[in-house]
$ cat run.txt   # compact mmCIF, N, CA and C atoms
# COMPACT_ATOMS: atom_id res chain seq x y z
N MET W 1 -158.09 -15.60 60.86
CA MET W 1 -156.69 -15.63 61.26
C MET W 1 -156.61 -15.86 62.77
N ALA W 2 -155.79 -16.81 63.17
CA ALA W 2 -155.65 -17.14 64.59
C ALA W 2 -154.86 -16.03 65.30
N ARG W 3 -155.26 -15.75 66.52
CA ARG W 3 -154.56 -14.75 67.30
C ARG W 3 -153.40 -15.40 68.03
N ARG W 4 -152.25 -14.84 67.87
CA ARG W 4 -151.05 -15.37 68.50
C ARG W 4 -151.06 -15.09 70.00
N GLU W 5 -150.61 -16.06 70.76
CA GLU W 5 -150.51 -15.89 72.21
C GLU W 5 -149.35 -14.94 72.53
N VAL W 6 -149.54 -14.13 73.53
CA VAL W 6 -148.47 -13.26 74.02
C VAL W 6 -147.71 -14.03 75.09
N GLU W 7 -146.39 -14.07 74.95
CA GLU W 7 -145.54 -14.85 75.86
C GLU W 7 -144.33 -14.04 76.30
N SER W 8 -143.81 -14.38 77.47
CA SER W 8 -142.59 -13.74 77.95
C SER W 8 -141.47 -13.96 76.95
N GLY W 9 -140.66 -12.92 76.75
CA GLY W 9 -139.54 -13.00 75.83
C GLY W 9 -139.83 -12.48 74.44
N GLN W 10 -141.11 -12.34 74.09
CA GLN W 10 -141.44 -11.80 72.77
C GLN W 10 -141.12 -10.31 72.72
N LYS W 11 -140.76 -9.84 71.52
CA LYS W 11 -140.47 -8.42 71.31
C LYS W 11 -141.56 -7.81 70.44
N TYR W 12 -141.97 -6.61 70.81
CA TYR W 12 -142.99 -5.86 70.07
C TYR W 12 -142.47 -4.47 69.77
N ARG W 13 -142.98 -3.90 68.70
CA ARG W 13 -142.61 -2.54 68.31
C ARG W 13 -143.87 -1.82 67.86
N GLN W 14 -143.98 -0.56 68.23
CA GLN W 14 -145.09 0.25 67.75
C GLN W 14 -144.79 0.65 66.31
N PRO W 15 -145.81 0.67 65.45
CA PRO W 15 -145.58 1.07 64.05
C PRO W 15 -144.93 2.45 63.98
N GLY W 16 -143.88 2.56 63.19
CA GLY W 16 -143.17 3.83 63.03
C GLY W 16 -142.14 4.12 64.09
N ALA W 17 -142.03 3.27 65.10
CA ALA W 17 -141.06 3.48 66.19
C ALA W 17 -139.83 2.60 65.97
N SER W 18 -138.70 3.04 66.50
CA SER W 18 -137.48 2.23 66.37
C SER W 18 -137.25 1.35 67.59
N ALA W 19 -137.77 1.74 68.74
CA ALA W 19 -137.54 0.98 69.98
C ALA W 19 -138.40 -0.27 70.02
N ALA W 20 -137.79 -1.37 70.43
CA ALA W 20 -138.52 -2.62 70.64
C ALA W 20 -138.73 -2.81 72.14
N TRP W 21 -139.85 -3.45 72.47
CA TRP W 21 -140.21 -3.72 73.86
C TRP W 21 -140.30 -5.22 74.07
N VAL W 22 -139.77 -5.71 75.18
CA VAL W 22 -139.73 -7.14 75.48
C VAL W 22 -140.73 -7.46 76.59
N VAL W 23 -141.54 -8.48 76.38
CA VAL W 23 -142.49 -8.93 77.40
C VAL W 23 -141.69 -9.66 78.49
N VAL W 24 -141.80 -9.19 79.73
CA VAL W 24 -141.08 -9.83 80.83
C VAL W 24 -142.00 -10.53 81.81
N ASP W 25 -143.29 -10.17 81.79
CA ASP W 25 -144.21 -10.76 82.74
C ASP W 25 -145.63 -10.58 82.24
N LEU W 26 -146.48 -11.55 82.56
CA LEU W 26 -147.91 -11.46 82.25
C LEU W 26 -148.68 -11.57 83.55
N THR W 27 -149.75 -10.77 83.67
CA THR W 27 -150.54 -10.76 84.89
C THR W 27 -151.98 -10.41 84.55
N GLN W 28 -152.86 -10.55 85.50
CA GLN W 28 -154.25 -10.13 85.35
C GLN W 28 -154.58 -9.12 86.43
N ASP W 29 -155.36 -8.11 86.06
CA ASP W 29 -155.77 -7.14 87.08
C ASP W 29 -156.95 -7.69 87.88
N ALA W 30 -157.46 -6.90 88.80
CA ALA W 30 -158.54 -7.35 89.68
C ALA W 30 -159.82 -7.71 88.92
N GLU W 31 -159.97 -7.17 87.71
CA GLU W 31 -161.15 -7.46 86.91
C GLU W 31 -160.92 -8.59 85.92
N GLY W 32 -159.73 -9.21 85.98
CA GLY W 32 -159.43 -10.35 85.11
C GLY W 32 -158.90 -10.00 83.74
N ILE W 33 -158.55 -8.73 83.53
CA ILE W 33 -158.00 -8.31 82.23
C ILE W 33 -156.50 -8.60 82.21
N ALA W 34 -156.06 -9.30 81.17
CA ALA W 34 -154.65 -9.68 81.04
C ALA W 34 -153.80 -8.48 80.63
N HIS W 35 -152.67 -8.32 81.29
CA HIS W 35 -151.71 -7.26 81.00
C HIS W 35 -150.31 -7.84 80.86
N ALA W 36 -149.48 -7.14 80.11
CA ALA W 36 -148.07 -7.52 79.95
C ALA W 36 -147.19 -6.40 80.48
N ARG W 37 -146.16 -6.78 81.21
CA ARG W 37 -145.15 -5.81 81.64
C ARG W 37 -144.03 -5.87 80.62
N LEU W 38 -143.67 -4.72 80.07
CA LEU W 38 -142.68 -4.64 79.01
C LEU W 38 -141.50 -3.80 79.47
N VAL W 39 -140.30 -4.17 79.01
CA VAL W 39 -139.12 -3.33 79.20
C VAL W 39 -138.55 -3.02 77.83
N ARG W 40 -138.02 -1.83 77.67
CA ARG W 40 -137.41 -1.46 76.39
C ARG W 40 -136.17 -2.32 76.17
N ALA W 41 -136.02 -2.83 74.98
CA ALA W 41 -134.93 -3.77 74.67
C ALA W 41 -133.55 -3.16 74.91
N ASN W 42 -133.39 -1.88 74.66
CA ASN W 42 -132.07 -1.25 74.83
C ASN W 42 -131.95 -0.41 76.09
N ASP W 43 -132.96 -0.47 76.97
CA ASP W 43 -132.94 0.31 78.22
C ASP W 43 -133.86 -0.35 79.24
N ALA W 44 -133.32 -1.25 80.03
CA ALA W 44 -134.12 -2.02 80.98
C ALA W 44 -134.75 -1.16 82.08
N THR W 45 -134.37 0.11 82.18
CA THR W 45 -135.00 0.98 83.18
C THR W 45 -136.32 1.56 82.67
N ALA W 46 -136.57 1.44 81.37
CA ALA W 46 -137.85 1.91 80.79
C ALA W 46 -138.83 0.76 80.84
N VAL W 47 -139.86 0.90 81.66
CA VAL W 47 -140.84 -0.17 81.89
C VAL W 47 -142.23 0.38 81.67
N LYS W 48 -143.11 -0.44 81.07
CA LYS W 48 -144.51 -0.06 80.96
C LYS W 48 -145.37 -1.30 81.02
N MET W 49 -146.63 -1.11 81.40
CA MET W 49 -147.58 -2.20 81.45
C MET W 49 -148.77 -1.83 80.58
N ILE W 50 -149.12 -2.74 79.67
CA ILE W 50 -150.26 -2.51 78.78
C ILE W 50 -151.10 -3.77 78.70
N SER W 51 -152.31 -3.63 78.22
CA SER W 51 -153.18 -4.79 78.11
C SER W 51 -152.70 -5.70 76.98
N VAL W 52 -152.92 -6.98 77.16
CA VAL W 52 -152.56 -7.96 76.13
C VAL W 52 -153.35 -7.69 74.86
N SER W 53 -154.58 -7.25 75.00
CA SER W 53 -155.37 -6.95 73.80
C SER W 53 -154.74 -5.82 72.98
N ALA W 54 -154.10 -4.85 73.63
CA ALA W 54 -153.39 -3.79 72.91
C ALA W 54 -152.20 -4.37 72.15
N LEU W 55 -151.47 -5.30 72.76
CA LEU W 55 -150.35 -5.92 72.06
C LEU W 55 -150.80 -6.70 70.84
N ARG W 56 -151.99 -7.25 70.88
CA ARG W 56 -152.51 -8.03 69.76
C ARG W 56 -153.06 -7.15 68.63
N ASP W 57 -153.26 -5.87 68.89
CA ASP W 57 -153.81 -4.96 67.90
C ASP W 57 -152.69 -4.46 66.99
N PRO W 58 -152.66 -4.86 65.71
CA PRO W 58 -151.56 -4.47 64.82
C PRO W 58 -151.51 -2.96 64.54
N ARG W 59 -152.58 -2.24 64.86
CA ARG W 59 -152.52 -0.78 64.72
C ARG W 59 -151.67 -0.16 65.82
N LEU W 60 -151.49 -0.88 66.93
CA LEU W 60 -150.77 -0.36 68.08
C LEU W 60 -149.37 -0.95 68.25
N TYR W 61 -149.26 -2.27 68.06
CA TYR W 61 -147.99 -2.98 68.24
C TYR W 61 -147.86 -4.08 67.21
N ARG W 62 -146.62 -4.36 66.83
CA ARG W 62 -146.34 -5.47 65.92
C ARG W 62 -145.27 -6.35 66.55
N LEU W 63 -145.50 -7.66 66.45
CA LEU W 63 -144.51 -8.62 66.95
C LEU W 63 -143.27 -8.54 66.07
N VAL W 64 -142.11 -8.47 66.71
CA VAL W 64 -140.83 -8.43 66.00
C VAL W 64 -140.40 -9.87 65.80
N GLU W 65 -140.36 -10.31 64.55
CA GLU W 65 -139.94 -11.68 64.25
C GLU W 65 -138.44 -11.80 64.44
N GLU W 66 -138.04 -12.83 65.13
CA GLU W 66 -136.61 -13.07 65.39
C GLU W 66 -135.99 -13.85 64.24

$ encode --input "run.txt" --output "structure tokens"
Amino acid sequence: MARREVESGQKYRQPGASAAWVVVDLTQDAEGIAHARLVRANDATAVKMISVSALRDPRLYRLVEE
């Protein structure tokens, strides 16, 4: 199964959670690990940054199909 690219504007949700998170920016840390900055869809003041590999792990996050 091909791994989907993470892109700005995509929405993700943690399994069992109601809140969706929107990817607003992609960056790499000093070691070259890709990270995504996310804001909560219904509260733009809630921000978090996680690794792209975590977003791709279906045990942690699921892409919300539009």

$ atom_distance --input "run.txt" --atom1 "CA of Arg37 (chain W)" --atom2 "CA of Gln14 (chain W)"
15.2 Å

$ select_by_dssp --input "run.txt" --residues "chain W" --states "strand (DSSP E or B)" --output "PDB file with N, CA and C atoms, in the coordinates of the input"
ATOM      1  N   LYS W  11    -140.760  -9.840  71.520  1.00  0.00           N
ATOM      2  CA  LYS W  11    -140.470  -8.420  71.310  1.00  0.00           C
ATOM      3  C   LYS W  11    -141.560  -7.810  70.440  1.00  0.00           C
ATOM      4  N   TYR W  12    -141.970  -6.610  70.810  1.00  0.00           N
ATOM      5  CA  TYR W  12    -142.990  -5.860  70.070  1.00  0.00           C
ATOM      6  C   TYR W  12    -142.470  -4.470  69.770  1.00  0.00           C
ATOM      7  N   ARG W  13    -142.980  -3.900  68.700  1.00  0.00           N
ATOM      8  CA  ARG W  13    -142.610  -2.540  68.310  1.00  0.00           C
ATOM      9  C   ARG W  13    -143.870  -1.820  67.860  1.00  0.00           C
ATOM     10  N   ALA W  20    -137.790  -1.370  70.430  1.00  0.00           N
ATOM     11  CA  ALA W  20    -138.520  -2.620  70.640  1.00  0.00           C
ATOM     12  C   ALA W  20    -138.730  -2.810  72.140  1.00  0.00           C
ATOM     13  N   TRP W  21    -139.850  -3.450  72.470  1.00  0.00           N
ATOM     14  CA  TRP W  21    -140.210  -3.720  73.860  1.00  0.00           C
ATOM     15  C   TRP W  21    -140.300  -5.220  74.070  1.00  0.00           C
ATOM     16  N   VAL W  22    -139.770  -5.710  75.180  1.00  0.00           N
ATOM     17  CA  VAL W  22    -139.730  -7.140  75.480  1.00  0.00           C
ATOM     18  C   VAL W  22    -140.730  -7.460  76.590  1.00  0.00           C
ATOM     19  N   VAL W  23    -141.540  -8.480  76.380  1.00  0.00           N
ATOM     20  CA  VAL W  23    -142.490  -8.930  77.400  1.00  0.00           C
ATOM     21  C   VAL W  23    -141.690  -9.660  78.490  1.00  0.00           C
ATOM     22  N   VAL W  24    -141.800  -9.190  79.730  1.00  0.00           N
ATOM     23  CA  VAL W  24    -141.080  -9.830  80.830  1.00  0.00           C
ATOM     24  C   VAL W  24    -142.000 -10.530  81.810  1.00  0.00           C
ATOM     25  N   ASP W  25    -143.290 -10.170  81.790  1.00  0.00           N
ATOM     26  CA  ASP W  25    -144.210 -10.760  82.740  1.00  0.00           C
ATOM     27  C   ASP W  25    -145.630 -10.580  82.240  1.00  0.00           C
ATOM     28  N   LEU W  26    -146.480 -11.550  82.560  1.00  0.00           N
ATOM     29  CA  LEU W  26    -147.910 -11.460  82.250  1.00  0.00           C
ATOM     30  C   LEU W  26    -148.680 -11.570  83.550  1.00  0.00           C
ATOM     31  N   THR W  27    -149.750 -10.770  83.670  1.00  0.00           N
ATOM     32  CA  THR W  27    -150.540 -10.760  84.890  1.00  0.00           C
ATOM     33  C   THR W  27    -151.980 -10.410  84.550  1.00  0.00           C
ATOM     34  N   GLN W  28    -152.860 -10.550  85.500  1.00  0.00           N
ATOM     35  CA  GLN W  28    -154.250 -10.130  85.350  1.00  0.00           C
ATOM     36  C   GLN W  28    -154.580  -9.120  86.430  1.00  0.00           C
ATOM     37  N   ALA W  34    -156.060  -9.300  81.170  1.00  0.00           N
ATOM     38  CA  ALA W  34    -154.650  -9.680  81.040  1.00  0.00           C
ATOM     39  C   ALA W  34    -153.800  -8.480  80.630  1.00  0.00           C
ATOM     40  N   HIS W  35    -152.670  -8.320  81.290  1.00  0.00           N
ATOM     41  CA  HIS W  35    -151.710  -7.260  81.000  1.00  0.00           C
ATOM     42  C   HIS W  35    -150.310  -7.840  80.860  1.00  0.00           C
ATOM     43  N   ALA W  36    -149.480  -7.140  80.110  1.00  0.00           N
ATOM     44  CA  ALA W  36    -148.070  -7.520  79.950  1.00  0.00           C
ATOM     45  C   ALA W  36    -147.190  -6.400  80.480  1.00  0.00           C
ATOM     46  N   ARG W  37    -146.160  -6.780  81.210  1.00  0.00           N
ATOM     47  CA  ARG W  37    -145.150  -5.810  81.640  1.00  0.00           C
ATOM     48  C   ARG W  37    -144.030  -5.870  80.620  1.00  0.00           C
ATOM     49  N   LEU W  38    -143.670  -4.720  80.070  1.00  0.00           N
ATOM     50  CA  LEU W  38    -142.680  -4.640  79.010  1.00  0.00           C
ATOM     51  C   LEU W  38    -141.500  -3.800  79.470  1.00  0.00           C
ATOM     52  N   VAL W  39    -140.300  -4.170  79.010  1.00  0.00           N
ATOM     53  CA  VAL W  39    -139.120  -3.330  79.200  1.00  0.00           C
ATOM     54  C   VAL W  39    -138.550  -3.020  77.830  1.00  0.00           C
ATOM     55  N   ARG W  40    -138.020  -1.830  77.670  1.00  0.00           N
ATOM     56  CA  ARG W  40    -137.410  -1.460  76.390  1.00  0.00           C
ATOM     57  C   ARG W  40    -136.170  -2.320  76.170  1.00  0.00           C
ATOM     58  N   ASP W  43    -132.960  -0.470  76.970  1.00  0.00           N
ATOM     59  CA  ASP W  43    -132.940   0.310  78.220  1.00  0.00           C
ATOM     60  C   ASP W  43    -133.860  -0.350  79.240  1.00  0.00           C
ATOM     61  N   ALA W  44    -133.320  -1.250  80.030  1.00  0.00           N
ATOM     62  CA  ALA W  44    -134.120  -2.020  80.980  1.00  0.00           C
ATOM     63  C   ALA W  44    -134.750  -1.160  82.080  1.00  0.00           C
ATOM     64  N   THR W  45    -134.370   0.110  82.180  1.00  0.00           N
ATOM     65  CA  THR W  45    -135.000   0.980  83.180  1.00  0.00           C
ATOM     66  C   THR W  45    -136.320   1.560  82.670  1.00  0.00           C
ATOM     67  N   ALA W  46    -136.570   1.440  81.370  1.00  0.00           N
ATOM     68  CA  ALA W  46    -137.850   1.910  80.790  1.00  0.00           C
ATOM     69  C   ALA W  46    -138.830   0.760  80.840  1.00  0.00           C
ATOM     70  N   VAL W  47    -139.860   0.900  81.660  1.00  0.00           N
ATOM     71  CA  VAL W  47    -140.840  -0.170  81.890  1.00  0.00           C
ATOM     72  C   VAL W  47    -142.230   0.380  81.670  1.00  0.00           C
ATOM     73  N   LYS W  48    -143.110  -0.440  81.070  1.00  0.00           N
ATOM     74  CA  LYS W  48    -144.510  -0.060  80.960  1.00  0.00           C
ATOM     75  C   LYS W  48    -145.370  -1.300  81.020  1.00  0.00           C
ATOM     76  N   MET W  49    -146.630  -1.110  81.400  1.00  0.00           N
ATOM     77  CA  MET W  49    -147.580  -2.200  81.450  1.00  0.00           C
ATOM     78  C   MET W  49    -148.770  -1.830  80.580  1.00  0.00           C
ATOM     79  N   ILE W  50    -149.120  -2.740  79.670  1.00  0.00           N
ATOM     80  CA  ILE W  50    -150.260  -2.510  78.780  1.00  0.00           C
ATOM     81  C   ILE W  50    -151.100  -3.770  78.700  1.00  0.00           C
ATOM     82  N   SER W  51    -152.310  -3.630  78.220  1.00  0.00           N
ATOM     83  CA  SER W  51    -153.180  -4.790  78.110  1.00  0.00           C
ATOM     84  C   SER W  51    -152.700  -5.700  76.980  1.00  0.00           C
ATOM     85  N   ARG W  62    -146.620  -4.360  66.830  1.00  0.00           N
ATOM     86  CA  ARG W  62    -146.340  -5.470  65.920  1.00  0.00           C
ATOM     87  C   ARG W  62    -145.270  -6.350  66.550  1.00  0.00           C
ATOM     88  N   LEU W  63    -145.500  -7.660  66.450  1.00  0.00           N
ATOM     89  CA  LEU W  63    -144.510  -8.620  66.950  1.00  0.00           C
ATOM     90  C   LEU W  63    -143.270  -8.540  66.070  1.00  0.00           C
TER      91      LEU W  63
END

$ closest_residue --input "run.txt" --among "W:Pro15, W:Asn42, W:His35, W:Leu26" --to "Leu60 (chain W)" --atoms "all atoms listed in the file"
W:Pro15

$ closest_residue --input "run.txt" --among "W:Val39, W:Ala44, W:Ala54, W:Ile33" --to "Ala20 (chain W)" --atoms "all atoms listed in the file"
W:Val39

$ atom_distance --input "run.txt" --atom1 "CA of Ala34 (chain W)" --atom2 "atom C of Val52 (chain W)"
6.6 Å

$ select_by_dssp --input "run.txt" --residues "region 10-66 of chain W" --states "alpha helix (DSSP H)" --output "ChimeraX atom specification"
/W:52-56

$ closest_residue --input "run.txt" --among "W:Arg59, W:Ser53, W:Gln10, W:Glu5" --to "Leu38 (chain W)" --atoms "only C-alpha atoms"
W:Gln10

$ residues_around --input "run.txt" --residues "Val6 (chain W)" --least-positions-apart "2" --cutoff "8 Å" --atoms "all atoms listed in the file" --output "list in words"
Arg3, Arg4, Ser8, Gly9, Gln10, Val23, Leu26, Val52, Leu55 and Arg56 of chain W

$ closest_residue --input "run.txt" --among "W:Leu63, W:Ala41, W:Met49, W:Ala36" --to "Ala19 (chain W)" --atoms "all atoms listed in the file"
W:Ala41

$ atom_distance --input "run.txt" --atom1 "atom C of Glu31 (chain W)" --atom2 "atom C of Lys48 (chain W)"
17.9 Å

$ closest_residue --input "run.txt" --among "W:Ile50, W:Asp29, W:Arg62, W:Arg40" --to "Gly16 (chain W)" --atoms "only C-alpha atoms"
W:Arg62

$ closest_residue --input "run.txt" --among "W:Asp25, W:Glu7, W:Arg13, W:Asp43" --to "Asp57 (chain W)" --atoms "only C-alpha atoms"
W:Arg13

$ residues_around --input "run.txt" --residues "Lys11 (chain W)" --least-positions-apart "2" --cutoff "6 Å" --atoms "only C-alpha atoms" --output "PDB file with N, CA and C atoms, in the frame of the given file"
ATOM      1  N   TRP W  21    -139.850  -3.450  72.470  1.00  0.00           N
ATOM      2  CA  TRP W  21    -140.210  -3.720  73.860  1.00  0.00           C
ATOM      3  C   TRP W  21    -140.300  -5.220  74.070  1.00  0.00           C
ATOM      4  N   VAL W  22    -139.770  -5.710  75.180  1.00  0.00           N
ATOM      5  CA  VAL W  22    -139.730  -7.140  75.480  1.00  0.00           C
ATOM      6  C   VAL W  22    -140.730  -7.460  76.590  1.00  0.00           C
ATOM      7  N   LEU W  63    -145.500  -7.660  66.450  1.00  0.00           N
ATOM      8  CA  LEU W  63    -144.510  -8.620  66.950  1.00  0.00           C
ATOM      9  C   LEU W  63    -143.270  -8.540  66.070  1.00  0.00           C
ATOM     10  N   VAL W  64    -142.110  -8.470  66.710  1.00  0.00           N
ATOM     11  CA  VAL W  64    -140.830  -8.430  66.000  1.00  0.00           C
ATOM     12  C   VAL W  64    -140.400  -9.870  65.800  1.00  0.00           C
TER      13      VAL W  64
END
